[in-house]
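Next comes model03.txt, a file with compact mmCIF, C-alpha atoms.
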```txt
# COMPACT_ATOMS: atom_id res chain seq x y z
CA MET M 1 6.02 -23.20 6.45
CA THR M 2 9.25 -24.79 5.18
CA ALA M 3 11.39 -23.39 2.36
CA ALA M 4 10.17 -26.25 0.16
CA ASP M 5 6.54 -25.39 0.91
CA THR M 6 7.09 -21.70 0.20
CA SER M 7 8.89 -22.29 -3.08
CA ARG M 8 6.32 -24.88 -4.23
CA LYS M 9 3.48 -22.47 -3.43
CA LEU M 10 5.05 -19.78 -5.63
CA ILE M 11 5.85 -22.34 -8.32
CA GLN M 12 2.19 -23.37 -8.36
CA TYR M 13 1.11 -19.73 -8.59
CA THR M 14 3.45 -19.05 -11.52
CA ALA M 15 2.32 -22.23 -13.28
CA GLU M 16 -1.32 -21.23 -12.96
CA THR M 17 -0.81 -17.55 -13.87
CA CYS M 18 1.90 -17.37 -16.55
CA VAL M 19 0.47 -17.23 -20.09
CA ASP M 20 3.83 -17.98 -21.75
CA CYS M 21 3.69 -14.73 -23.75
CA GLY M 22 7.47 -14.59 -24.18
CA LEU M 23 7.95 -10.98 -23.05
CA CYS M 24 10.32 -11.89 -20.23
CA VAL M 25 12.14 -14.53 -22.27
CA ALA M 26 12.93 -11.94 -24.94
CA GLN M 27 14.74 -9.84 -22.32
CA CYS M 28 16.79 -12.50 -20.55
CA ALA M 29 19.56 -14.89 -21.67
CA PHE M 30 18.88 -17.13 -18.66
CA LEU M 31 15.21 -17.64 -19.60
CA LYS M 32 16.10 -18.08 -23.27
CA SER M 33 18.31 -20.98 -22.24
CA THR M 34 16.20 -22.47 -19.44
CA GLY M 35 12.71 -21.82 -20.72
CA SER M 36 9.85 -19.53 -19.77
CA PRO M 37 8.65 -19.21 -16.16
CA LEU M 38 5.69 -21.43 -17.12
CA HIS M 39 8.07 -24.08 -18.47
CA ILE M 40 10.24 -23.94 -15.34
CA ALA M 41 7.22 -24.14 -13.03
CA GLN M 42 5.59 -27.01 -14.89
CA GLU M 43 8.82 -29.00 -15.01
CA ILE M 44 9.28 -28.60 -11.26
CA LEU M 45 5.73 -29.66 -10.46
CA THR M 46 6.15 -32.96 -12.30
CA SER M 47 9.07 -34.30 -10.26
CA SER M 48 10.82 -33.71 -6.94
CA ASN M 49 14.15 -34.29 -8.71
CA THR M 50 13.27 -31.58 -11.22
CA HIS M 51 12.45 -29.28 -8.31
CA SER M 52 15.99 -29.63 -6.99
CA ASN M 53 17.61 -29.32 -10.43
CA ALA M 54 15.58 -26.25 -11.37
CA ALA M 55 16.23 -24.68 -8.00
CA THR M 56 19.97 -24.98 -8.61
CA CYS M 57 19.53 -23.33 -12.00
CA ALA M 58 18.19 -20.26 -10.17
CA TYR M 59 21.84 -19.32 -9.58
CA ASP M 60 22.03 -18.51 -13.30
CA CYS M 61 19.45 -15.75 -12.68
CA SER M 62 20.60 -12.17 -12.01
CA MET M 63 17.66 -11.63 -9.62
CA CYS M 64 17.01 -8.30 -11.35
CA LYS M 65 13.21 -8.80 -11.48
CA LEU M 66 12.87 -7.53 -15.04
CA CYS M 67 10.82 -10.65 -15.79
CA SER M 68 8.24 -9.60 -13.21
CA ALA M 69 8.36 -5.96 -14.36
CA VAL M 70 7.40 -6.82 -17.95
CA CYS M 71 4.90 -9.57 -17.00
CA PRO M 72 1.38 -8.58 -18.15
CA VAL M 73 -0.38 -10.98 -15.74
CA ASP M 74 1.70 -10.65 -12.55
CA ALA M 75 2.94 -14.24 -12.62
CA ARG M 76 5.72 -13.25 -10.17
CA PRO M 77 8.55 -15.28 -11.75
CA ALA M 78 11.21 -13.29 -9.86
CA GLU M 79 9.68 -14.26 -6.52
CA MET M 80 9.61 -17.88 -7.61
CA LEU M 81 13.31 -17.81 -8.51
CA THR M 82 14.20 -16.09 -5.24
CA GLU M 83 12.42 -18.76 -3.24
CA LEU M 84 14.13 -21.46 -5.29
CA ARG M 85 17.48 -20.16 -4.05
CA ASN M 86 16.19 -20.21 -0.48
CA TYR M 87 15.04 -23.80 -1.03
CA VAL M 88 18.45 -24.81 -2.40
CA GLN M 89 20.29 -23.54 0.65
CA SER M 90 17.77 -25.01 3.10
CA CYS M 91 18.46 -28.41 1.52
CA ASN M 92 22.23 -27.88 1.03
CA LEU M 93 21.92 -28.57 -2.69
CA PHE M 94 24.38 -25.94 -3.92
CA ASP M 95 27.86 -25.20 -2.57
CA LEU M 96 28.52 -21.48 -2.06
CA LYS M 97 32.30 -21.86 -1.83
CA LYS M 98 32.83 -19.89 -5.03
CA TYR M 99 31.02 -16.95 -3.42
CA SER M 100 33.34 -16.90 -0.39
CA PRO M 101 34.97 -13.52 -1.31
CA LEU M 102 31.53 -11.90 -1.34
CA LEU M 103 30.43 -13.52 1.91
CA SER M 104 33.74 -12.58 3.54
CA TYR M 105 33.18 -8.98 2.43
CA GLU M 106 29.78 -9.04 4.10
CA LYS M 107 31.19 -10.58 7.27
CA SER M 108 33.94 -7.96 7.57
CA GLY M 109 31.38 -5.16 7.24
CA ARG M 110 29.60 -6.38 10.35
CA ARG M 111 32.75 -6.41 12.49
CA PHE M 112 35.32 -4.05 13.96
CA PRO M 113 37.04 -2.00 12.60
CA PHE M 114 34.48 -1.39 9.85
CA LYS M 115 31.45 -1.49 12.13
CA ASP M 116 30.83 1.69 14.12
CA SER M 117 28.17 4.14 15.32
CA ILE M 118 28.41 7.88 15.83
CA ILE M 119 25.21 8.94 17.55
CA PRO M 120 25.09 12.51 18.94
CA LYS M 121 22.82 13.28 21.86
CA GLY M 122 19.26 13.84 20.65
CA CYS M 123 19.94 12.13 17.31
CA ASP M 124 16.90 10.69 15.55
CA THR M 125 18.28 10.49 11.98
CA ALA M 126 21.39 8.60 10.86
CA PHE M 127 23.22 8.12 7.58
CA PHE M 128 23.80 4.48 6.60
CA PRO M 129 26.24 4.52 3.63
CA GLY M 130 26.69 0.74 3.43
CA CYS M 131 29.93 -1.02 2.48
CA THR M 132 30.67 -0.40 -1.19
CA LEU M 133 29.88 3.32 -1.51
CA PRO M 134 32.48 4.45 1.06
CA ALA M 135 34.88 1.79 -0.21
CA LEU M 136 34.88 3.06 -3.79
CA PHE M 137 33.82 6.69 -3.37
CA PRO M 138 34.99 7.86 0.07
CA THR M 139 35.30 11.55 -0.85
CA ALA M 140 31.73 11.69 -2.15
CA THR M 141 30.44 9.81 0.89
CA ILE M 142 32.19 12.15 3.34
CA ALA M 143 31.06 15.22 1.38
CA ALA M 144 27.42 14.06 1.43
CA TYR M 145 27.60 13.29 5.15
CA SER M 146 29.15 16.70 5.87
CA SER M 147 26.51 18.53 3.82
CA LEU M 148 23.68 16.74 5.57
CA LYS M 149 25.27 17.28 8.97
CA TYR M 150 25.50 21.00 8.25
CA LYS M 151 21.71 20.96 7.97
CA ASP M 152 21.23 18.66 10.96
CA LYS M 153 23.92 18.95 13.65
CA LYS M 154 22.50 15.87 15.40
CA LEU M 155 22.80 13.64 12.33
CA GLY M 156 24.30 10.27 13.21
CA LEU M 157 26.33 7.77 11.22
CA ILE M 158 25.96 4.00 11.33
CA LEU M 159 28.59 1.85 9.63
CA ASP M 160 27.54 -1.75 9.15
CA CYS M 161 26.56 -4.27 6.46
CA CYS M 162 22.93 -4.93 5.55
CA SER M 163 23.78 -8.60 4.75
CA LYS M 164 22.32 -8.36 1.24
CA PRO M 165 24.77 -11.01 -0.13
CA SER M 166 23.41 -13.65 2.26
CA LYS M 167 19.85 -12.75 1.34
CA MET M 168 20.63 -12.81 -2.39
CA LEU M 169 22.37 -16.20 -2.22
CA GLY M 170 19.47 -17.89 -0.44
CA LEU M 171 20.91 -17.90 3.09
CA LYS M 172 17.55 -16.78 4.44
CA GLU M 173 18.10 -17.79 8.07
CA LEU M 174 21.56 -16.24 8.27
CA HIS M 175 20.30 -13.03 6.70
CA GLY M 176 17.32 -12.96 9.05
CA ILE M 177 19.60 -13.07 12.09
CA ALA M 178 21.91 -10.36 10.71
CA ILE M 179 19.20 -7.93 9.61
CA THR M 180 17.33 -8.35 12.90
CA GLU M 181 20.50 -7.56 14.86
CA LEU M 182 21.11 -4.49 12.69
CA SER M 183 17.52 -3.27 13.03
CA ASP M 184 17.61 -3.76 16.80
CA ARG M 185 20.88 -1.86 17.00
CA ILE M 186 19.44 1.08 15.08
CA THR M 187 16.25 1.10 17.15
CA LYS M 188 18.14 0.97 20.46
CA HIS M 189 19.93 4.17 19.47
CA GLY M 190 16.54 5.86 19.21
CA ILE M 191 16.86 6.35 15.45
CA LYS M 192 13.59 7.16 13.69
CA ARG M 193 14.98 7.77 10.18
CA ILE M 194 17.77 6.04 8.25
CA LEU M 195 19.25 7.75 5.18
CA THR M 196 20.69 5.12 2.85
CA GLY M 197 23.55 5.74 0.44
CA CYS M 198 23.39 2.33 -1.24
CA PRO M 199 20.33 1.12 -3.18
CA ASN M 200 20.91 -2.46 -2.02
CA CYS M 201 20.98 -1.36 1.61
CA HIS M 202 17.90 0.77 0.97
CA MET M 203 15.83 -2.12 -0.30
CA THR M 204 17.20 -4.67 2.16
CA LEU M 205 16.31 -2.48 5.12
CA LYS M 206 13.00 -1.36 3.66
CA GLU M 207 11.84 -4.90 2.85
CA PHE M 208 12.54 -5.91 6.45
CA SER M 209 9.77 -3.47 7.50
CA PRO M 210 11.70 -2.00 10.43
CA ALA M 211 10.36 0.33 13.12
CA PHE M 212 12.27 3.24 11.58
CA GLU M 213 11.71 5.04 8.27
CA VAL M 214 14.11 4.21 5.41
CA ILE M 215 14.85 7.11 3.05
CA SER M 216 17.32 7.36 0.19
CA ILE M 217 19.99 10.02 0.62
CA TYR M 218 18.97 11.38 -2.78
CA GLU M 219 15.48 12.11 -1.52
CA GLU M 220 17.00 13.97 1.43
CA LEU M 221 19.49 15.91 -0.71
CA TYR M 222 16.70 17.01 -3.00
CA ASN M 223 14.16 17.84 -0.30
CA LEU M 224 16.70 19.83 1.75
CA ASN M 225 17.95 21.62 -1.38
CA ILE M 226 21.56 20.69 -0.55
CA THR M 227 24.11 22.73 -2.51
CA THR M 228 26.04 20.67 -5.05
CA VAL M 229 29.30 21.34 -6.88
CA THR M 230 29.71 22.36 -10.50
CA PRO M 231 29.50 18.95 -12.22
CA TYR M 232 32.37 17.60 -14.29
CA ILE M 233 29.86 16.23 -16.84
CA SER M 234 27.22 18.40 -18.49
CA GLU M 235 25.14 15.64 -20.12
CA ILE M 236 24.51 12.09 -19.03
CA THR M 237 22.43 8.96 -19.43
CA ILE M 238 21.16 7.25 -16.29
CA HIS M 239 21.46 3.60 -15.35
CA ASP M 240 18.91 2.87 -12.65
CA PRO M 241 20.07 -0.05 -10.46
CA CYS M 242 17.68 -2.96 -10.87
CA VAL M 243 17.21 -3.28 -7.12
CA THR M 244 15.39 0.10 -7.07
CA ARG M 245 13.18 -0.90 -10.01
CA TYR M 246 9.93 0.08 -8.28
CA GLU M 247 11.26 3.07 -6.30
CA ASP M 248 9.66 5.82 -8.39
CA ASN M 249 10.47 8.56 -5.88
CA ILE M 250 14.18 7.75 -6.03
CA HIS M 251 14.09 7.79 -9.84
CA ASN M 252 12.48 11.22 -9.79
CA CYS M 253 14.75 12.71 -7.13
CA ILE M 254 17.86 11.55 -8.97
CA ARG M 255 16.73 13.22 -12.15
CA ASN M 256 15.57 16.37 -10.37
CA LEU M 257 18.93 16.68 -8.60
CA LEU M 258 20.84 16.32 -11.87
CA THR M 259 18.60 18.78 -13.69
CA ARG M 260 18.91 21.30 -10.85
CA ALA M 261 22.71 20.97 -11.12
CA GLY M 262 22.48 21.88 -14.81
CA ILE M 263 23.02 18.40 -16.20
CA ARG M 264 21.05 17.35 -19.28
CA ILE M 265 19.65 13.83 -19.29
CA THR M 266 19.05 11.49 -22.20
CA GLU M 267 17.22 8.31 -21.22
CA MET M 268 18.09 4.86 -22.50
CA LYS M 269 15.46 2.46 -23.82
CA HIS M 270 15.47 0.55 -20.54
CA SER M 271 15.29 2.79 -17.50
CA LYS M 272 13.42 3.26 -14.23
CA ARG M 273 10.94 0.34 -13.82
CA LYS M 274 12.18 -1.33 -17.02
CA THR M 275 15.90 -0.95 -16.30
CA VAL M 276 18.25 -3.85 -17.03
CA CYS M 277 20.87 -5.40 -14.77
CA CYS M 278 24.47 -4.18 -15.00
CA GLY M 279 25.62 -7.80 -14.78
CA GLU M 280 26.56 -7.81 -11.10
CA GLY M 281 23.07 -8.77 -9.90
CA GLY M 282 22.56 -12.10 -8.19
CA ALA M 283 26.37 -12.41 -7.86
CA LEU M 284 26.08 -13.90 -11.33
CA SER M 285 29.73 -13.36 -12.27
CA PHE M 286 30.83 -15.85 -9.59
CA HIS M 287 28.77 -18.67 -11.14
CA ASN M 288 27.99 -17.80 -14.76
CA PRO M 289 30.18 -14.95 -16.05
CA ASP M 290 28.80 -15.34 -19.58
CA TYR M 291 25.30 -14.39 -18.42
CA ALA M 292 26.76 -11.53 -16.37
CA ASP M 293 28.62 -10.24 -19.43
CA ASN M 294 25.43 -10.55 -21.47
CA TRP M 295 23.63 -8.13 -19.15
CA SER M 296 26.60 -5.76 -19.11
CA GLU M 297 26.80 -5.74 -22.91
CA LYS M 298 23.07 -5.08 -23.14
CA ARG M 299 23.36 -2.07 -20.87
CA ILE M 300 26.49 -0.69 -22.53
CA THR M 301 25.00 -1.09 -26.03
CA GLU M 302 22.06 1.09 -25.02
CA ALA M 303 24.40 3.68 -23.47
CA GLN M 304 26.50 3.79 -26.63
CA LYS M 305 23.41 4.77 -28.62
CA THR M 306 23.13 7.94 -26.52
CA ASN M 307 26.84 8.70 -27.04
CA LEU M 308 26.97 9.88 -23.43
CA PRO M 309 28.70 8.69 -20.26
CA MET M 310 26.57 6.71 -17.81
CA GLY M 311 25.70 7.85 -14.33
CA THR M 312 24.31 5.53 -11.70
CA TYR M 313 23.68 5.61 -7.96
CA CYS M 314 24.99 2.12 -7.19
CA ALA M 315 28.72 1.80 -6.50
CA GLY M 316 28.62 -1.86 -7.48
CA CYS M 317 27.15 -0.97 -10.88
CA VAL M 318 29.90 1.61 -11.43
CA ASN M 319 32.52 -0.96 -10.52
CA PHE M 320 31.07 -3.53 -12.92
CA LEU M 321 30.41 -1.23 -15.89
CA SER M 322 33.28 1.29 -15.76
CA PRO M 323 36.04 -1.04 -17.09
CA ASN M 324 34.18 -1.15 -20.42
CA TYR M 325 32.30 2.17 -20.55
CA PRO M 326 32.67 5.66 -19.01
CA THR M 327 30.52 5.38 -15.89
CA THR M 328 30.38 7.60 -12.84
CA HIS M 329 28.61 7.59 -9.50
CA ILE M 330 25.96 10.29 -9.29
CA LEU M 331 26.86 11.17 -5.69
CA ASP M 332 30.45 11.77 -6.80
CA LEU M 333 29.23 13.86 -9.72
CA LEU M 334 27.13 16.06 -7.44
CA MET M 335 29.40 16.34 -4.41
CA VAL M 336 33.05 16.23 -5.57
CA LYS M 337 34.96 18.80 -7.63
CA ARG M 338 36.79 16.99 -10.42
CA LYS M 339 37.80 17.47 -14.03
CA GLU M 340 36.96 13.97 -15.24
CA ILE M 341 35.30 10.68 -14.30
CA PRO M 342 37.29 8.92 -11.58
CA LYS M 343 38.20 5.26 -11.72
CA PRO M 344 36.92 3.13 -8.79
CA VAL M 345 39.71 2.04 -6.48
CA GLN M 346 40.83 -1.56 -6.24
CA PHE M 347 41.69 -3.93 -3.38
CA PRO M 348 43.13 -3.27 -0.79
CA PHE M 349 42.45 0.45 -1.06
CA ASN M 350 38.68 -0.14 -0.92
CA TYR M 351 39.06 -1.46 2.64
CA ALA M 352 41.33 1.46 3.56
CA ASN M 353 38.71 3.90 2.28
CA ARG M 354 36.08 2.50 4.62
CA LEU M 355 38.41 3.13 7.54
CA LEU M 356 39.06 6.62 6.16
CA LEU M 357 35.35 7.40 6.35
CA ARG M 358 35.16 6.12 9.90
CA CYS M 359 38.11 8.23 11.02
CA SER M 360 36.97 11.34 9.14
CA ALA M 361 33.47 11.12 10.61
CA ARG M 362 34.84 10.87 14.14
CA LEU M 363 36.81 14.08 13.63
CA LYS M 364 33.72 16.06 12.59
```

How would this structure read if it were set down as structure tokens?
Amino acid sequence: MTAADTSRKLIQYTAETCVDCGLCVAQCAFLKSTGSPLHIAQEILTSSNTHSNAATCAYDCSMCKLCSAVCPVDARPAEMLTELRNYVQSCNLFDLKKYSPLLSYEKSGRRFPFKDSIIPKGCDTAFFPGCTLPALFPTATIAAYSSLKYKDKKLGLILDCCSKPSKMLGLKELHGIAITELSDRITKHGIKRILTGCPNCHMTLKEFSPAFEVISIYEELYNLNITTVTPYISEITIHDPCVTRYEDNIHNCIRNLLTRAGIRITEMKHSKRKTVCCGEGGALSFHNPDYADNWSEKRITEAQKTNLPMGTYCAGCVNFLSPNYPTTHILDLLMVKRKEIPKPVQFPFNYANRLLLRCSARLK
């Protein structure tokens, strides 16, 4: 089935299922401007030209899937928009030149010197921290790895990129090649369990349905009762990354870890399955920064109502939100002794930090 066939099939499904109730439109600046999923689907079905135009408009979407989460009839608008991006790239309808910094970041993560494997003899579990977590929070990443390795001397470490940017931008074939190579590499090492530090890596690997089990590091930290430091914040509100929207076990483990560390939690209006995007989703800031800022303002406004700093378990979310609101990474909060919320590092130190993790891990 071609990309056009797949997208048209989902468009038809959305057109037949959506009842135009307005629940998703009320949540999203993109849909308020473009029209409801029913409107988009019906417009596409009337003309091949409209199909191409609407598909291009999918790059104004944050890909956060809140529309599908609030949908009362399971019209699957998020899946439709995802496939529209795939269709665009299969037909070369939208130039990705403006996204070149993001794609270059992905490419570097899959090459030396950032790519590496530390696999002890008899290893069946490996930590996969991803690119951005060790780049922005190297001390927390190393501390988590060390704590887990204390429990499991044979714990491995795999440094690589999950190729989420390619997947997100509609480069389905390119992503398929990259994720297959990564999965094969992990399997050849005899790894049965991968512990993910990044929610984007977690979902990208999990959705590929690999031969190995994909587990969030927070689930492992909680289940193994890993000792944490005295936190530098005593009360917090949690921003759940939109990519883990349906990962109930991660939501629960995060909150249980924080509670066990003595941290009080006040929830925002939108959390867990109904969380909102931080603004970074869908690489929206590269194409439509106004929509990206709209999501960021929405999230920060809710946090301000709690009068508490935000904590999240996505390094990208921290990086996007922290310039305008006190935001910390939960792994840093639990694993690093500090007196105050740290500021994420900037280029080129983020690249240096990834090399620091690699070198530090090899010395352990």

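The nearest approach to M:Asn294 among the residues M:Gln12, M:Pro165, M:Asp60, M:Leu159, with only C-alpha atoms taken into account, belongs to M:Asp60.
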
Neighbour list for M:Cys64 as an NGL selection string, cut-off 8 Å, all atoms listed in the file, skip fewer than 4 positions in-chain: :M and (78 or 242-243 or 276-277 or 281-282)

Option closest in space to M:Pro344, from M:Leu136, M:Ile250, M:Leu169, M:Leu103 [counting only C-alpha atoms]: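 Nearest candidate to M:Pro344 out of M:Leu136, M:Ile250, M:Leu169, M:Leu103: M:Leu136.
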
Which of M:Lys65, M:Arg76, M:Arg245, M:Arg260 sits closest to M:Ala41 [using only C-alpha atoms]: M:Arg76

Pick from M:His270, M:Arg110, M:Gly122, M:Ala315 nearest to M:Pro199, counting all atoms listed in the file: M:Ala315

Got a sec: who's within 12 Å of M:Gly109, counting all atoms listed in the file, leaving out chain neighbours fewer than 5 positions off, as an mmCIF file with C-alpha atoms, in the coordinates of the input?
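This went into result29.cif:
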```cif
data_model
loop_
_atom_site.group_PDB
_atom_site.id
_atom_site.type_symbol
_atom_site.label_atom_id
_atom_site.label_comp_id
_atom_site.auth_asym_id
_atom_site.auth_seq_id
_atom_site.Cartn_x
_atom_site.Cartn_y
_atom_site.Cartn_z
ATOM 1 C CA LEU M 102 31.530 -11.900 -1.340
ATOM 2 C CA LEU M 103 30.430 -13.520 1.910
ATOM 3 C CA SER M 104 33.740 -12.580 3.540
ATOM 4 C CA PHE M 114 34.480 -1.390 9.850
ATOM 5 C CA LYS M 115 31.450 -1.490 12.130
ATOM 6 C CA ASP M 116 30.830 1.690 14.120
ATOM 7 C CA PRO M 129 26.240 4.520 3.630
ATOM 8 C CA GLY M 130 26.690 0.740 3.430
ATOM 9 C CA CYS M 131 29.930 -1.020 2.480
ATOM 10 C CA THR M 132 30.670 -0.400 -1.190
ATOM 11 C CA PRO M 134 32.480 4.450 1.060
ATOM 12 C CA ALA M 135 34.880 1.790 -0.210
ATOM 13 C CA ILE M 158 25.960 4.000 11.330
ATOM 14 C CA LEU M 159 28.590 1.850 9.630
ATOM 15 C CA ASP M 160 27.540 -1.750 9.150
ATOM 16 C CA CYS M 161 26.560 -4.270 6.460
ATOM 17 C CA CYS M 162 22.930 -4.930 5.550
ATOM 18 C CA SER M 163 23.780 -8.600 4.750
ATOM 19 C CA LYS M 164 22.320 -8.360 1.240
ATOM 20 C CA PRO M 165 24.770 -11.010 -0.130
ATOM 21 C CA ALA M 178 21.910 -10.360 10.710
ATOM 22 C CA LEU M 182 21.110 -4.490 12.690
ATOM 23 C CA TYR M 351 39.060 -1.460 2.640
ATOM 24 C CA ARG M 354 36.080 2.500 4.620
ATOM 25 C CA LEU M 355 38.410 3.130 7.540
#
```

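Taking all atoms listed in the file into account, M:Asp95 lies nearest to M:His287 out of the set M:Cys18, M:Tyr218, M:His287, M:Arg111.
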
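Among M:Thr228, M:Thr6, M:Ser33, M:Ser108, the residue with the shortest atom-to-atom distance to M:Tyr291, counting only C-alpha atoms, is M:Ser33.
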